[in-house]
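S.K.: entry20.txt is reproduced below (compact mmCIF, C-alpha atoms).
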# COMPACT_ATOMS: atom_id res chain seq x y z
CA MET A 1 -13.34 -20.71 -8.10
CA GLU A 2 -10.66 -19.59 -5.66
CA PRO A 3 -11.09 -16.24 -3.88
CA GLN A 4 -9.01 -13.41 -5.33
CA PHE A 5 -6.60 -11.57 -3.03
CA VAL A 6 -4.45 -8.45 -3.33
CA THR A 7 -1.97 -7.08 -0.83
CA CYS A 8 -1.91 -3.59 0.64
CA LEU A 9 0.93 -1.82 2.47
CA ASN A 10 -0.78 0.75 4.64
CA CYS A 11 -0.38 2.83 7.79
CA ILE A 12 -1.60 1.40 11.09
CA ASP A 13 -3.99 4.35 11.45
CA GLY A 14 -7.47 2.83 11.64
CA ARG A 15 -8.92 5.61 9.50
CA ALA A 16 -6.83 4.34 6.59
CA GLN A 17 -8.08 0.75 6.58
CA LEU A 18 -11.77 0.52 5.67
CA PRO A 19 -11.91 3.28 3.02
CA VAL A 20 -8.94 1.74 1.23
CA ILE A 21 -10.35 -1.79 1.36
CA GLN A 22 -13.70 -0.55 0.06
CA TRP A 23 -12.06 1.41 -2.77
CA ILE A 24 -9.94 -1.55 -3.85
CA ALA A 25 -12.93 -3.91 -3.75
CA LYS A 26 -14.99 -1.45 -5.82
CA ASN A 27 -12.30 -0.87 -8.46
CA TYR A 28 -10.58 -4.26 -8.76
CA PRO A 29 -11.99 -7.79 -9.06
CA VAL A 30 -10.91 -9.00 -5.62
CA ASP A 31 -12.54 -10.76 -2.72
CA PHE A 32 -10.01 -9.99 0.02
CA VAL A 33 -7.24 -7.53 0.84
CA ASP A 34 -4.23 -8.75 2.82
CA MET A 35 -3.27 -5.69 4.89
CA ILE A 36 0.32 -5.19 6.04
CA THR A 37 0.67 -2.15 8.28
CA GLU A 38 3.41 0.03 9.70
CA PRO A 39 3.16 3.55 11.12
CA GLY A 40 3.86 5.98 8.27
CA MET A 41 4.19 3.21 5.66
CA ASP A 42 4.69 5.49 2.63
CA GLY A 43 7.53 7.33 4.35
CA ILE A 44 9.21 4.09 5.42
CA LEU A 45 9.04 2.59 1.94
CA ALA A 46 10.30 5.78 0.27
CA ASP A 47 13.30 6.12 2.61
CA GLU A 48 16.26 4.36 0.98
CA ASP A 49 17.82 3.90 4.44
CA SER A 50 14.83 1.98 5.83
CA ASN A 51 15.27 -1.72 6.39
CA LEU A 52 12.36 -3.39 4.61
CA ASP A 53 13.20 -6.99 5.48
CA GLU A 54 10.17 -7.58 7.72
CA ILE A 55 7.74 -5.84 5.37
CA LEU A 56 9.09 -7.84 2.42
CA ARG A 57 8.84 -11.07 4.41
CA LYS A 58 5.15 -10.36 5.05
CA LEU A 59 4.64 -9.39 1.43
CA ASP A 60 6.16 -12.68 0.30
CA LEU A 61 3.97 -14.55 2.78
CA SER A 62 0.86 -12.92 1.29
CA ARG A 63 2.02 -13.83 -2.21
CA ASP A 64 2.80 -17.42 -1.26
CA ALA A 65 -0.34 -18.02 0.82
CA HIS A 66 -2.85 -16.19 -1.36
CA ASN A 67 -1.22 -15.98 -4.77
CA THR A 68 -1.30 -12.18 -4.77
CA ASP A 69 0.28 -10.35 -7.66
CA GLU A 70 -1.21 -6.88 -7.20
CA LEU A 71 0.02 -4.57 -4.47
CA PHE A 72 -1.25 -1.22 -3.21
CA ILE A 73 0.88 1.26 -1.26
CA VAL A 74 -1.07 3.85 0.72
CA GLY A 75 -0.31 7.27 2.14
CA HIS A 76 -2.92 9.24 4.05
CA TYR A 77 -3.76 12.69 5.36
CA ASP A 78 -3.02 13.64 8.98
CA CYS A 79 -0.45 10.90 9.52
CA ALA A 80 0.97 11.20 13.04
CA VAL A 81 4.24 9.43 12.20
CA ASN A 82 4.76 10.97 8.76
CA PRO A 83 3.38 14.52 9.18
CA VAL A 84 4.29 15.92 5.77
CA ASP A 85 2.16 17.86 3.29
CA THR A 86 0.07 16.20 0.57
CA GLN A 87 2.59 16.87 -2.19
CA THR A 88 5.37 15.23 -0.17
CA HIS A 89 3.14 12.22 0.55
CA HIS A 90 2.45 11.89 -3.19
CA GLU A 91 6.18 12.00 -3.92
CA GLN A 92 6.84 9.41 -1.20
CA ILE A 93 4.11 7.15 -2.58
CA LYS A 94 5.70 7.32 -6.05
CA GLN A 95 9.16 6.62 -4.60
CA ALA A 96 7.74 3.74 -2.56
CA VAL A 97 6.07 2.22 -5.62
CA MET A 98 9.31 2.39 -7.60
CA ARG A 99 11.37 0.94 -4.74
CA VAL A 100 9.02 -1.98 -4.14
CA LYS A 101 8.75 -2.67 -7.90
CA MET A 102 12.53 -2.93 -7.98
CA LEU A 103 12.61 -5.28 -4.96
CA ARG A 104 9.60 -7.38 -5.99
CA PRO A 105 9.24 -7.08 -9.79
CA HIS A 106 6.59 -9.83 -10.00
CA PHE A 107 4.03 -7.51 -8.35
CA GLU A 108 1.93 -4.96 -10.18
CA VAL A 109 2.27 -2.02 -7.76
CA TYR A 110 -0.14 0.92 -7.38
CA GLY A 111 0.10 4.00 -5.16
CA LEU A 112 -3.00 5.31 -3.38
CA TRP A 113 -3.69 8.52 -1.50
CA LEU A 114 -6.37 8.67 1.19
CA ALA A 115 -7.58 12.27 1.46
CA ASN A 116 -9.26 14.07 4.36
CA GLN A 117 -12.84 13.10 3.44
CA HIS A 118 -11.83 9.43 3.18
CA SER A 119 -11.74 9.62 -0.58
CA VAL A 120 -9.15 7.42 -2.25
CA GLU A 121 -7.28 8.31 -5.41
CA LEU A 122 -4.78 6.49 -7.54
CA VAL A 123 -1.60 8.60 -7.61
CA PHE A 124 0.83 6.25 -9.33
What's the structure tokens form of this structure?
M.R.:
Amino acid sequence: MEPQFVTCLNCIDGRAQLPVIQWIAKNYPVDFVDMITEPGMDGILADEDSNLDEILRKLDLSRDAHNTDELFIVGHYDCAVNPVDTQTHHEQIKQAVMRVKMLRPHFEVYGLWLANQHSVELVF
């Protein structure tokens, strides 16, 4: 049986990596998480003026190499590059999910929030 992969668009902040991977592995039948990172990822994806070409190229690479069809977009507390309040992060995550679904409709896209105590919640 081939290993199961998903893809995650996350911030580069190291605090946001392991808790998210562990949460995904606990809640979804996957073996590996392809992690694509940018500083303030949720804000970038939500901003209609952001050029997503490089992120989408990496997303397509993950899909082609590992047959991924599920995608997680993450926002997190205390983001140095996207220092907005929790409500704004949640709104950005929802906007990011909708934008990526429009650009890559073959993915099932989920939005995650990483809170202060490293707890992860599904927000969209």
S.K.: May I ask for the distance between atom CA of Asp78 of chain A and atom CA of Phe5 of chain A, given in Å to one decimal place?
M.R.: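 That distance, rounded to one decimal, is 28.2 Å.
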S.K.: When you draw a straight line from atom CA of His76 of chain A to atom CA of Thr37 of chain A, how long is it in Å?
M.R.: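 Going from atom CA of His76 of chain A over to atom CA of Thr37 of chain A, I get 12.7 Å.
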S.K.: A:Ile21, A:Val123, A:Leu9, A:Met98: which is nearest Ile55 of chain A, counting all atoms listed in the file?
M.R.: A:Leu9
S.K.: Rounded to one decimal, what separation in Å do you get between atom CA of Thr88 of chain A and atom CA of Val109 of chain A?
M.R.: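 If I compute the distance from atom CA of Thr88 of chain A to atom CA of Val109 of chain A, I get 19.1 Å.
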S.K.: With all atoms listed in the file as the basis for distance, which of A:Val81, A:His89, A:Val6, A:Ile36 is at the shortest distance from Leu56 of chain A?
M.R.: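 Ranking A:Val81, A:His89, A:Val6, A:Ile36 by distance to Leu56 of chain A, first place goes to A:Ile36.
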S.K.: Out of A:Trp113, A:Ile12, A:Val100, A:Pro3, which residue has the shortest atom-to-atom distance to Gln87 of chain A when counting only C-alpha atoms?
M.R.: A:Trp113
S.K.: Restricting the calculation to all atoms listed in the file, which member of A:Tyr110, A:Glu54, A:Lys101, A:Pro39 is positioned closest to Pro83 of chain A?
M.R.: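 Of A:Tyr110, A:Glu54, A:Lys101, A:Pro39, the one nearest Pro83 of chain A is A:Pro39, counting all atoms listed in the file.
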S.K.: So, counting all atoms listed in the file, which residue among A:Asp42, A:Val120, A:Glu70, A:Arg63 is closest to Val84 of chain A?
M.R.: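 Ranked by minimum distance to Val84 of chain A, first place goes to A:Asp42.
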S.K.: Excluding Arg99 of chain A and its own-chain neighbours fewer than 3 positions away, which residues fall within 8 Å of it when counting only C-alpha atoms? Please give them as a list of chain:residue names.
M.R.: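 Non-adjacent residues within range: A:Leu45, A:Ala46, A:Gln95, A:Ala96, A:Met102, A:Leu103.
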S.K.: Could you write out that same residue set with C-alpha atoms as a CSV table (one decimal), keeping the file's coordinate frame?
M.R.:
chain,number,residue,atom,x,y,z
A,45,LEU,CA,9.0,2.6,1.9
A,46,ALA,CA,10.3,5.8,0.3
A,95,GLN,CA,9.2,6.6,-4.6
A,96,ALA,CA,7.7,3.7,-2.6
A,102,MET,CA,12.5,-2.9,-8.0
A,103,LEU,CA,12.6,-5.3,-5.0
S.K.: Counting all atoms listed in the file, figure out which residue out of A:Lys26, A:Gly75, A:Asp69, A:Ser119 gets nearest to Glu91 of chain A.
M.R.: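 For Glu91 of chain A, the nearest of the given residues is A:Gly75.
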S.K.: Kindly provide, as number ranges by chain, the polymer residues lying within 12 Å of (-6.2, -10.4, -2.2), counting all atoms listed in the file and using the coordinates exactly as they appear in the file.
M.R.: A: 2-8, 21, 24-25, 28-36, 59, 62-72
